[in-house]
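Working notes, beginning with the structure itself.
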Amino acid sequence: MKTTPLFCSVCRGELTGKYLYNHWGENAHPQHQGHKTHQCSACHRFLSSATQQGLQYGDGRIICGLCQITAVTETNSIVHSRQRVINTLKSVGFEYIPDYISITLSDQRRLNQRLKKSRHANSHGLTKTVEKSVNGEVQYREHSIFILYGLPRLVFEGVLAHEFLHVWLNEHPNTRERSPQETEGFCNLATALIYQQEETPLSLYLHQRMHEDTDPIYGGGYRLQNQLTDAATCTL
């Protein structure tokens with residue numbers, strides 16, 4: 001029985017031997033003209049005419065033309081996304097998100113430096129909270145959020161929602177110390193909420209990746225917190 005040939009999504013040539021594939025149903029040669037086949041750092045599509053090619057940022061990341069359309073690169077975009085995320089969190093009971101939070105876009109290298117991670121790490125966001133005390137008592141807290149530059153709007157808002165819950169947790173200190181898995185898993189519930197609001201191919205893909213994430217802290221923590229939330233809902 002003759003099999004149907006597969007064709008490369010990038011060059012349209014027939015595929016033989018080993019080839020790449022992704023969630024979007026695309027297949028591609030591992031290399032083109034001696035160079036590694038590029039994938040979008042946000043959606044992981046292969047860069048091709050179908051994705052309107054792409055753009056490489058100064059920190060080495062490559063984003064496809066589809067994701068570039070909504071990429072958050074300016075302060076004005078942050079303002080609109082900030083309000084959408086706050087409204088979403090308030091709708092599920094997170095009433096107090098301070099108005100004075102600083103939100104700064106950062107390239108991958110600087111973000112990894114702030115997180116004290118390898119320069120090759122794929123980090124997306126960081127929340128820094130500084131407590132201001134008088135006579136040993138906390139009077140107020142200053143929050144700064146740093147998010148990776150140039151993320152498509154949906155990814156940016158997912159990261160921002162995650163970091164806002166870090167702020168919320170810092171504003172509501174618990175006598176019981178939380179593990180990193182509990183903390184990051186809880187904050188990832190906000191990211192999932194953002195993705196669930198938009199029924200688009202990208203939102204469905206991003207949400208699926210959260211469920212499949214093998215990282216024990218972020219992926220495992222999210223699945224655990226999601227199960228606890230579902231159980232609480234069923235009990236109610």
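Identifiers for the structure tokens are assigned positionally: chains receive A, B, ... in sequence, residues are indexed from 1 per chain, and ligands are indexed from 1 in the order shown.
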
Arg114 in chain A surroundings by only C-alpha atoms, 12 Å radius, close-in-sequence under 5 positions cut, as a compact mmCIF listing (two decimals) with N, CA, C and O atoms, in the first residue's frame:
# COMPACT_ATOMS: atom_id res chain seq x y z
N SER A 106 11.61 43.58 29.73
CA SER A 106 13.03 43.25 29.86
C SER A 106 13.41 42.21 28.80
O SER A 106 12.60 41.37 28.43
N ASP A 107 14.66 42.28 28.33
CA ASP A 107 15.10 41.24 27.40
C ASP A 107 15.46 39.99 28.20
O ASP A 107 15.50 40.00 29.43
N GLN A 108 15.70 38.89 27.48
CA GLN A 108 15.91 37.61 28.14
C GLN A 108 17.15 37.63 29.05
O GLN A 108 17.11 37.10 30.17
N ARG A 109 18.21 38.24 28.60
CA ARG A 109 19.46 38.25 29.37
C ARG A 109 19.27 38.96 30.71
O ARG A 109 19.66 38.43 31.76
N ARG A 119 21.99 32.26 31.49
CA ARG A 119 21.60 33.18 30.42
C ARG A 119 20.83 32.47 29.31
O ARG A 119 20.23 33.11 28.46
N ALA A 121 18.35 30.31 30.05
CA ALA A 121 17.05 29.94 30.59
C ALA A 121 15.93 30.67 29.85
O ALA A 121 16.10 31.79 29.36
N SER A 123 13.04 32.21 30.75
CA SER A 123 12.20 32.83 31.78
C SER A 123 11.28 33.87 31.16
O SER A 123 11.62 34.50 30.16
N HIS A 124 10.11 34.07 31.78
CA HIS A 124 9.14 35.01 31.22
C HIS A 124 8.79 36.17 32.16
O HIS A 124 8.42 37.24 31.69
N GLY A 125 8.88 35.97 33.47
CA GLY A 125 8.47 37.05 34.37
C GLY A 125 9.08 36.92 35.75
O GLY A 125 9.57 35.86 36.16
N LEU A 126 9.06 38.05 36.47
CA LEU A 126 9.60 38.11 37.83
C LEU A 126 8.86 39.18 38.61
O LEU A 126 8.58 40.26 38.08
N THR A 127 8.54 38.88 39.87
CA THR A 127 7.97 39.86 40.78
C THR A 127 8.94 40.11 41.92
O THR A 127 9.42 39.16 42.54
N LYS A 128 9.22 41.37 42.18
CA LYS A 128 10.10 41.74 43.28
C LYS A 128 9.31 42.61 44.25
O LYS A 128 8.74 43.63 43.86
N SER A 144 7.46 45.39 42.08
CA SER A 144 7.95 45.62 40.72
C SER A 144 7.84 44.32 39.94
O SER A 144 8.25 43.27 40.42
N ILE A 145 7.27 44.41 38.75
CA ILE A 145 7.12 43.24 37.89
C ILE A 145 7.95 43.45 36.63
O ILE A 145 7.91 44.51 36.01
N PHE A 146 8.71 42.43 36.26
CA PHE A 146 9.52 42.45 35.04
C PHE A 146 9.02 41.33 34.14
O PHE A 146 8.90 40.18 34.58
N ILE A 147 8.72 41.66 32.88
CA ILE A 147 8.18 40.68 31.93
C ILE A 147 8.99 40.73 30.64
O ILE A 147 9.42 41.81 30.19
N LEU A 148 9.15 39.59 30.03
CA LEU A 148 9.93 39.47 28.81
C LEU A 148 9.37 40.35 27.70
O LEU A 148 8.16 40.35 27.43

Between CA of Thr214 in chain A and CA of Val159 in chain A, distance in Å (one decimal):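 Straight-line distance from CA of Thr214 in chain A to CA of Val159 in chain A works out to 18.3 Å.
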
Every residue of chain A that DSSP places in helix (DSSP H, G or I), as a ChimeraX atom specification: /A:49-51,65-68,75-91,108-115,153-171,180-197,201-212,219-235

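Of the residues listed (A:Glu74, A:Glu26, A:Glu184, A:Glu177), A:Glu184 shows the shortest atom-to-atom separation from Pro216 in chain A; distances use only C-alpha atoms.
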
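Residue nearest Thr16 in chain A, chosen from A:Thr4, A:Lys116, A:His29, A:Gly93 and counting only C-alpha atoms: A:His29.
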
Secondary structure check, strand (DSSP E) residues of range 85-153 of chain A, as a list in words: Ser102, Ile103, Thr104, Leu105, Ser106, Gly125, Leu126, Thr127, Lys128, Thr129, Val130, Glu131, Lys132, Ser133, Val134, Glu137, Val138, Gln139, Tyr140, Arg141, Glu142, His143, Ser144, Ile145, Phe146, Ile147 and Leu148 of chain A

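For the set A:Leu47, A:Leu165, A:Val155, A:Leu55, the residue with the smallest atom-to-atom gap to Ile194 in chain A is A:Val155, counting only C-alpha atoms.
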
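Each of A:Cys8, A:Leu105, A:Cys40, A:Leu111 was checked against Gln68 in chain A using only C-alpha atoms; the smallest atom-to-atom distance is that of A:Cys40.
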
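Minimum distance to Leu169 in chain A across A:Ile97, A:His211, A:Ile103, A:Val134 (counting only C-alpha atoms) occurs at A:Ile97.
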
From A:His44, A:Thr73, A:Gln83, A:Ser133, residue lying nearest Tyr57 in chain A [only C-alpha atoms]: A:Thr73

Between CA of Gln56 in chain A and CA of Thr70 in chain A - distance in Å to one decimal: 15.3 Å

Compile the contact shell of Pro30 in chain A as a compact mmCIF listing (two decimals) with all heavy atoms, in the first residue's frame: residues with an atom at most 6 Å away, counting only C-alpha atoms, same-chain residues fewer than 6 positions apart removed.
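Contents of the output file out_17.txt:
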# COMPACT_ATOMS: atom_id res chain seq x y z
N TYR A 19 12.40 14.00 10.31
CA TYR A 19 11.86 15.34 10.10
C TYR A 19 11.28 15.87 11.41
O TYR A 19 11.04 15.12 12.37
CB TYR A 19 10.79 15.34 8.99
CG TYR A 19 9.59 14.45 9.28
CD1 TYR A 19 8.48 14.94 9.95
CD2 TYR A 19 9.57 13.12 8.85
CE1 TYR A 19 7.38 14.13 10.21
CE2 TYR A 19 8.48 12.30 9.10
CZ TYR A 19 7.38 12.81 9.78
OH TYR A 19 6.30 12.00 10.03
N LEU A 20 11.06 17.17 11.46
CA LEU A 20 10.48 17.82 12.64
C LEU A 20 8.96 17.88 12.49
O LEU A 20 8.43 17.90 11.38
CB LEU A 20 11.03 19.25 12.78
CG LEU A 20 12.54 19.41 12.83
CD1 LEU A 20 12.91 20.89 12.84
CD2 LEU A 20 13.12 18.71 14.06
N THR A 37 16.22 24.76 11.20
CA THR A 37 14.87 25.28 10.95
C THR A 37 14.36 26.01 12.19
O THR A 37 14.40 25.48 13.29
CB THR A 37 13.91 24.13 10.60
OG1 THR A 37 14.35 23.50 9.40
CG2 THR A 37 12.48 24.63 10.41

Selection near Pro98 in chain A, 9 Å with only C-alpha atoms, sequence-local residues under 4 positions removed, as a VMD selection string: chain A and resid 143 167 to 168
